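Engineer: Handing you this structure, nothing more for now.
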Amino acid sequence: MPIDEIILKTQRLKELLAQVPEEPTYDTWMEQIHELLDDREQLLAVHGPDLEKADQTVLRQLVDDSQKIARLIEAEHQRLGMTLGTARMERKTVKSYVDPYEDVDSNFSGLFDQQT
């Protein structure tokens, strides 16, 4: 039954989104999420009219789960945006630093820039 497949894909999405991986597997994780979202969207497009005949409790749970998924995806987008923003700020800070001793031909230049 199509609703069962939609429910399974929804559950898998929730499971994946609950466990954001570290960098080495992050891209694979993101691909899995996009693939599941695409599959789920296609199923909903094809079997949408059939869902009207489904149990209302099941439909309510599906809607609740979909909202949770949307919130988790939004939270991850915000986290990613903050990560990218932090990286950009760090890069800008590094670029904006001017070494006052770059024209000095001495290995001791760093010693003169200490607070006493």
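Each chain in the structure tokens gets a letter, A, B, ..., in the order shown, and its residues are numbered from 1; ligands are numbered from 1 in order too.
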Find the residues around A:Ile3 up to 12 Å (only C-alpha atoms counted), leave out those fewer than 5 positions away in its own chain, and share them as number ranges by chain.

Structural biologist: A: 8-10, 40, 43-56, 58-59, 61-62

Engineer: Just how far from atom CA of A:Ile33 is atom CA of A:Leu16, in Å to one decimal?

Structural biologist: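 Result for atom CA of A:Leu16 versus atom CA of A:Ile33: 7.2 Å, one decimal.
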
Engineer: Can you list, as a PyMOL selection string, every protein, DNA or RNA residue that comes within 12 Å of stretch 66-79 of chain A when you count only C-alpha atoms, leaving out same-chain residues fewer than 4 positions away?

Structural biologist: chain A and resi 6-7+9-21+26+30+33-34+36-37+40-41+44+59-62+83-86

Engineer: For A:Asp39, which residue among A:Glu22, A:Pro2, A:Asp64, A:Thr57 is the nearest when counting only C-alpha atoms?

Structural biologist: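 The shortest atom-to-atom distance to A:Asp39 comes from A:Pro2.
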